[in-house]
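Data block for coords03.cif (mmCIF, C-alpha atoms):
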data_query
loop_
_atom_site.label_atom_id
_atom_site.label_comp_id
_atom_site.auth_asym_id
_atom_site.auth_seq_id
_atom_site.Cartn_x
_atom_site.Cartn_y
_atom_site.Cartn_z
CA MET R 1 -64.04 -1.88 14.74
CA LEU R 2 -67.03 -1.05 16.93
CA GLU R 3 -69.46 -3.88 17.59
CA ASP R 4 -72.38 -2.07 15.94
CA LYS R 5 -70.27 -1.36 12.85
CA ARG R 6 -68.98 -4.94 12.79
CA THR R 7 -72.55 -6.27 12.80
CA LYS R 8 -73.50 -4.05 9.85
CA VAL R 9 -70.43 -5.21 7.93
CA LYS R 10 -71.24 -8.87 8.59
CA ILE R 11 -74.84 -8.46 7.36
CA THR R 12 -73.63 -6.63 4.25
CA PHE R 13 -70.98 -9.29 3.64
CA PHE R 14 -73.62 -12.02 3.83
CA ILE R 15 -75.63 -10.22 1.12
CA ILE R 16 -72.45 -9.88 -0.91
CA LEU R 17 -71.81 -13.62 -0.67
CA VAL R 18 -75.30 -14.23 -2.09
CA GLY R 19 -74.48 -11.87 -4.96
CA ILE R 20 -71.15 -13.61 -5.59
CA SER R 21 -72.92 -16.98 -5.68
CA CYS R 22 -75.42 -15.62 -8.22
CA MET R 23 -72.63 -14.28 -10.43
CA PHE R 24 -70.59 -17.49 -10.32
CA THR R 25 -73.75 -19.43 -11.20
CA ALA R 26 -74.42 -17.14 -14.16
CA VAL R 27 -70.84 -17.40 -15.44
CA VAL R 28 -70.62 -21.21 -15.39
CA THR R 29 -74.12 -22.04 -16.69
CA ASP R 30 -75.55 -21.94 -20.21
CA TYR R 31 -79.06 -20.58 -19.74
CA TRP R 32 -78.63 -16.88 -20.44
CA ALA R 33 -81.00 -17.06 -23.41
CA VAL R 34 -83.13 -19.73 -25.09
CA LEU R 35 -83.54 -19.52 -28.87
CA SER R 36 -86.25 -21.06 -31.01
CA PRO R 37 -86.71 -21.42 -34.80
CA ARG R 38 -90.02 -21.32 -36.64
CA VAL R 39 -91.98 -24.59 -36.50
CA GLU R 40 -93.18 -25.43 -40.02
CA LYS R 41 -95.12 -28.66 -39.46
CA LEU R 42 -96.05 -31.27 -36.88
CA ASN R 43 -94.58 -34.76 -36.38
CA THR R 44 -91.08 -33.51 -37.04
CA THR R 45 -88.12 -32.28 -35.05
CA CYS R 46 -87.06 -28.71 -34.43
CA GLU R 47 -83.77 -27.49 -32.98
CA ALA R 48 -83.97 -25.16 -29.99
CA ALA R 49 -80.85 -23.78 -28.35
CA HIS R 50 -79.64 -22.18 -25.15
CA PHE R 51 -76.28 -20.56 -24.55
CA GLY R 52 -74.07 -18.84 -22.00
CA LEU R 53 -70.75 -17.06 -21.99
CA TRP R 54 -68.68 -20.04 -23.07
CA ARG R 55 -70.75 -22.53 -25.05
CA LEU R 56 -73.89 -23.19 -27.08
CA CYS R 57 -76.20 -26.13 -26.47
CA LYS R 58 -78.66 -27.36 -29.10
CA LYS R 59 -81.56 -29.70 -28.50
CA SER R 60 -83.64 -31.59 -31.07
CA ILE R 61 -87.26 -31.67 -29.90
CA PHE R 62 -90.01 -33.74 -31.53
CA ILE R 63 -93.10 -31.65 -32.24
CA VAL R 64 -96.50 -33.27 -31.75
CA GLU R 65 -98.70 -30.42 -30.44
CA GLU R 66 -100.63 -28.00 -32.64
CA GLU R 67 -99.80 -25.08 -30.32
CA ALA R 68 -96.10 -25.42 -31.11
CA LYS R 69 -96.57 -23.66 -34.46
CA GLU R 70 -97.60 -20.51 -32.62
CA LYS R 71 -95.19 -20.73 -29.70
CA GLY R 72 -92.10 -21.94 -31.55
CA CYS R 73 -89.83 -24.87 -30.74
CA GLY R 74 -89.88 -25.93 -27.13
CA PRO R 75 -90.03 -25.53 -24.26
CA ILE R 76 -86.40 -26.41 -23.81
CA SER R 77 -87.27 -28.72 -20.90
CA LEU R 78 -88.87 -31.27 -23.28
CA PRO R 79 -86.88 -34.48 -23.87
CA GLY R 80 -84.62 -34.65 -26.89
CA ASP R 81 -81.07 -35.13 -28.15
CA HIS R 82 -78.80 -32.64 -26.40
CA ASN R 83 -75.49 -31.43 -27.86
CA CYS R 84 -73.24 -28.77 -26.30
CA SER R 85 -70.09 -27.30 -27.81
CA TYR R 86 -67.73 -24.58 -26.61
CA PHE R 87 -67.45 -21.53 -28.81
CA LYS R 88 -64.72 -21.95 -31.39
CA HIS R 89 -62.97 -18.70 -30.46
CA PHE R 90 -62.39 -20.11 -26.96
CA THR R 91 -61.29 -23.56 -28.19
CA PRO R 92 -59.45 -22.99 -31.51
CA GLY R 93 -58.35 -26.61 -31.68
CA GLU R 94 -61.92 -27.96 -31.80
CA GLU R 95 -64.40 -27.96 -34.64
CA ALA R 96 -67.08 -26.40 -32.45
CA GLU R 97 -70.12 -24.97 -34.17
CA VAL R 98 -70.82 -21.32 -33.42
CA PHE R 99 -73.45 -18.77 -34.33
CA GLU R 100 -73.83 -17.89 -38.00
CA VAL R 101 -73.34 -14.15 -37.40
CA LYS R 102 -69.88 -12.76 -38.08
CA THR R 103 -69.98 -10.18 -35.26
CA GLN R 104 -71.20 -12.74 -32.72
CA LYS R 105 -67.62 -13.60 -31.82
CA GLU R 106 -66.84 -10.04 -30.72
CA TYR R 107 -70.01 -9.76 -28.64
CA ASN R 108 -69.40 -13.05 -26.87
CA ILE R 109 -65.74 -12.41 -26.14
CA SER R 110 -66.59 -8.96 -24.77
CA ALA R 111 -69.31 -10.29 -22.46
CA ALA R 112 -67.05 -13.08 -21.17
CA ALA R 113 -64.09 -10.73 -20.61
CA ILE R 114 -66.21 -8.20 -18.71
CA ALA R 115 -67.64 -11.00 -16.56
CA ILE R 116 -64.07 -12.07 -15.71
CA PHE R 117 -63.29 -8.48 -14.64
CA SER R 118 -66.36 -8.64 -12.40
CA LEU R 119 -65.08 -11.84 -10.76
CA ALA R 120 -61.66 -10.24 -10.24
CA PHE R 121 -63.21 -7.22 -8.51
CA MET R 122 -65.26 -9.56 -6.31
CA ILE R 123 -62.12 -11.43 -5.23
CA LEU R 124 -60.29 -8.19 -4.41
CA GLY R 125 -63.29 -6.89 -2.48
CA THR R 126 -63.53 -10.11 -0.48
CA LEU R 127 -59.84 -9.96 0.46
CA CYS R 128 -60.27 -6.36 1.62
CA ILE R 129 -63.39 -7.00 3.66
CA LEU R 130 -61.87 -10.05 5.37
CA ALA R 131 -58.75 -8.06 6.24
CA SER R 132 -60.88 -5.18 7.58
CA PHE R 133 -61.96 -7.33 10.53
CA GLY R 134 -58.42 -7.04 11.87
CA LYS R 135 -57.65 -4.49 14.56
CA GLY R 136 -57.30 -0.96 13.22
CA LYS R 137 -58.01 -1.89 9.58
CA ASP R 138 -61.42 -0.28 9.13
CA TYR R 139 -59.96 1.79 6.29
CA LEU R 140 -60.11 -1.32 4.07
CA LEU R 141 -63.91 -1.09 3.97
CA LYS R 142 -63.73 1.78 1.49
CA PRO R 143 -61.72 -0.07 -1.20
CA ALA R 144 -63.86 -3.17 -0.55
CA GLY R 145 -67.02 -1.15 -1.22
CA MET R 146 -65.51 0.31 -4.39
CA PHE R 147 -64.44 -3.12 -5.65
CA TYR R 148 -67.93 -4.56 -5.13
CA ALA R 149 -69.57 -1.55 -6.78
CA PHE R 150 -67.22 -1.95 -9.77
CA ALA R 151 -68.04 -5.68 -9.86
CA GLY R 152 -71.75 -4.83 -10.03
CA LEU R 153 -71.17 -2.35 -12.86
CA CYS R 154 -69.12 -4.89 -14.83
CA THR R 155 -71.88 -7.44 -14.32
CA ILE R 156 -74.62 -5.20 -15.72
CA ILE R 157 -72.38 -4.23 -18.67
CA SER R 158 -71.85 -7.93 -19.42
CA VAL R 159 -75.61 -8.48 -19.21
CA GLU R 160 -76.25 -5.63 -21.65
CA VAL R 161 -73.64 -6.93 -24.11
CA MET R 162 -75.32 -10.35 -24.05
CA ARG R 163 -78.72 -8.74 -24.53
CA GLN R 164 -77.46 -6.85 -27.58
CA SER R 165 -75.89 -10.07 -28.82
CA VAL R 166 -79.22 -11.92 -28.68
CA LYS R 167 -81.07 -9.03 -30.29
CA ARG R 168 -78.60 -8.83 -33.17
CA MET R 169 -78.75 -12.59 -33.65
CA ILE R 170 -82.54 -12.62 -33.81
CA ASP R 171 -82.63 -9.67 -36.21
CA SER R 172 -80.07 -11.22 -38.57
CA ASP R 173 -81.27 -12.93 -41.74
CA GLU R 174 -78.34 -15.37 -41.46
CA THR R 175 -79.77 -17.26 -38.47
CA ILE R 176 -82.74 -19.61 -38.11
CA TRP R 177 -83.74 -18.20 -34.72
CA ILE R 178 -86.90 -16.10 -34.68
CA GLU R 179 -87.96 -16.28 -31.03
CA TYR R 180 -86.08 -16.00 -27.77
CA TYR R 181 -86.44 -15.44 -24.05
CA TYR R 182 -83.94 -14.85 -21.27
CA SER R 183 -83.58 -17.68 -18.79
CA TRP R 184 -82.43 -18.20 -15.20
CA SER R 185 -78.70 -17.63 -15.77
CA PHE R 186 -79.55 -14.18 -17.09
CA ALA R 187 -81.73 -13.58 -14.01
CA CYS R 188 -78.85 -14.66 -11.74
CA ALA R 189 -76.55 -12.10 -13.37
CA CYS R 190 -79.15 -9.33 -12.93
CA ALA R 191 -79.63 -10.29 -9.27
CA ALA R 192 -75.84 -10.27 -8.79
CA PHE R 193 -75.67 -6.72 -10.15
CA VAL R 194 -78.30 -5.45 -7.71
CA LEU R 195 -76.80 -7.21 -4.67
CA LEU R 196 -73.16 -6.35 -5.41
CA PHE R 197 -73.68 -2.74 -6.42
CA LEU R 198 -76.00 -1.84 -3.54
CA SER R 199 -73.82 -3.71 -1.03
CA GLY R 200 -70.75 -1.89 -2.31
CA ILE R 201 -72.49 1.47 -1.81
CA GLY R 202 -73.60 0.25 1.62
CA LEU R 203 -70.00 -0.54 2.62
CA LEU R 204 -68.91 2.92 1.53
CA LEU R 205 -71.61 4.47 3.72
CA ILE R 206 -70.68 2.26 6.68
CA SER R 207 -67.03 3.23 6.35
CA MET R 208 -67.79 6.96 6.55
CA PRO R 209 -67.16 8.74 9.88
CA GLN R 210 -70.24 8.82 12.10
CA MET R 211 -72.02 12.15 12.00
CA PRO R 212 -72.98 13.79 15.31
CA ARG R 213 -76.53 13.16 16.42
CA ASN R 214 -77.17 16.88 16.85
CA PRO R 215 -75.15 20.08 16.43
CA TRP R 216 -74.74 20.46 20.21
CA GLU R 217 -72.53 17.33 20.39
CA THR R 218 -69.86 19.03 18.30
CA CYS R 219 -69.95 22.11 20.49
CA MET R 220 -69.85 20.11 23.72
CA ASP R 221 -66.93 17.96 22.54
CA ALA R 222 -64.88 20.97 21.49
CA GLU R 223 -62.07 22.07 23.79
CA PRO R 224 -62.70 25.38 25.60
CA GLU R 225 -60.78 28.36 24.33
CA PRO R 226 -58.09 29.69 26.68
CA ILE R 227 -58.94 32.94 28.49
CA GLU R 228 -56.30 35.61 28.13
#
As structure tokens, please, write out the structure in this file.
Amino acid sequence: MLEDKRTKVKITFFIILVGISCMFTAVVTDYWAVLSPRVEKLNTTCEAAHFGLWRLCKKSIFIVEEEAKEKGCGPISLPGDHNCSYFKHFTPGEEAEVFEVKTQKEYNISAAAIAIFSLAFMILGTLCILASFGKGKDYLLKPAGMFYAFAGLCTIISVEVMRQSVKRMIDSDETIWIEYYYSWSFACACAAFVLLFLSGIGLLLISMPQMPRNPWETCMDAEPEPIE
């Protein structure tokens, strides 16, 4: 691998590592969305919640401010009793409380499964890009770029499934949640999509053969035709 090409690959790989870190953070944390019920009266507790791909966390917050009636329960950073439980469809042996929407299980399993596919593509891409630094193995940059691009696409699909999940939950009459906002885990997943997808495209461009600087280079490099 030429030194100039190697430098470009190293810079791109550093950006990819940032994207991988963002995606791992999003997968293992529970702040994709924060949910809030309607606050009926002051000097009482309300139950806000935040959730991720694997579990739901509920927090009982004591309401003492008049503005809370307009803004809902929260913010989630206020002190209160905190209780987290893994989704029942991931831990069938536990009596974990899950959302009160029947289709929520399918949405959550889909988002988690697609996120796992994204992690698998990232691992394959990393193995390819590390191997490409070996002598004569530049050809591995192309599959590495494709794996990272696929990882980015899986990430944004997982994000969209979670977004639809939250929207359906809020719109359902079977839940107490009326307000929501997406939190930092959701932002990490969106950032991972941008970094991984663009870096994957960048690796594909780097792996392409270098075009001549001008048409005359091709003519000058060509072998002269034999004279009969």
Selection result for the PyMOL selection byres ((chain R and resi 182-190) around 7) on this file, as number ranges by chain: R: 22-23, 25-26, 29-34, 155-156, 159, 180-181, 191-194
Written as an MDAnalysis selection string, which residues does the PyMOL selection byres ((chain R and resi 126) around 12) give for the file shown? chainID R and resid 9:10 12:14 16:17 19:20 119:125 127:133 140:141 143:148 151 196 200 203
Hits from the PyMOL selection byres ((chain R and resi 206) around 9), listed as number ranges by chain: R: 5, 8-9, 141-142, 201-205, 207-210
Pick out the residues sitting within 8 Å of stretch 160-165 of chain R, and hand them over as a VMD selection string; count all atoms listed in the file, and ignore anything fewer than 3 positions along from it in its own chain. chain R and resid 104 107 to 108 110 to 111 156 to 157 168 to 169
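Going from atom CA of R:Asn83 to atom CA of R:Ser118 covers 29.0 Å.
As for atom CA of R:Leu195 and atom CA of R:Phe150, they are spaced 12.1 Å apart.
Proximity of R:Ala115, R:Phe197, R:Glu179, R:Arg6 to R:Lys137, computed with all atoms listed in the file, is greatest for R:Arg6.
Between atom CA of R:Leu198 and atom CA of R:Tyr139 the separation is 19.2 Å.
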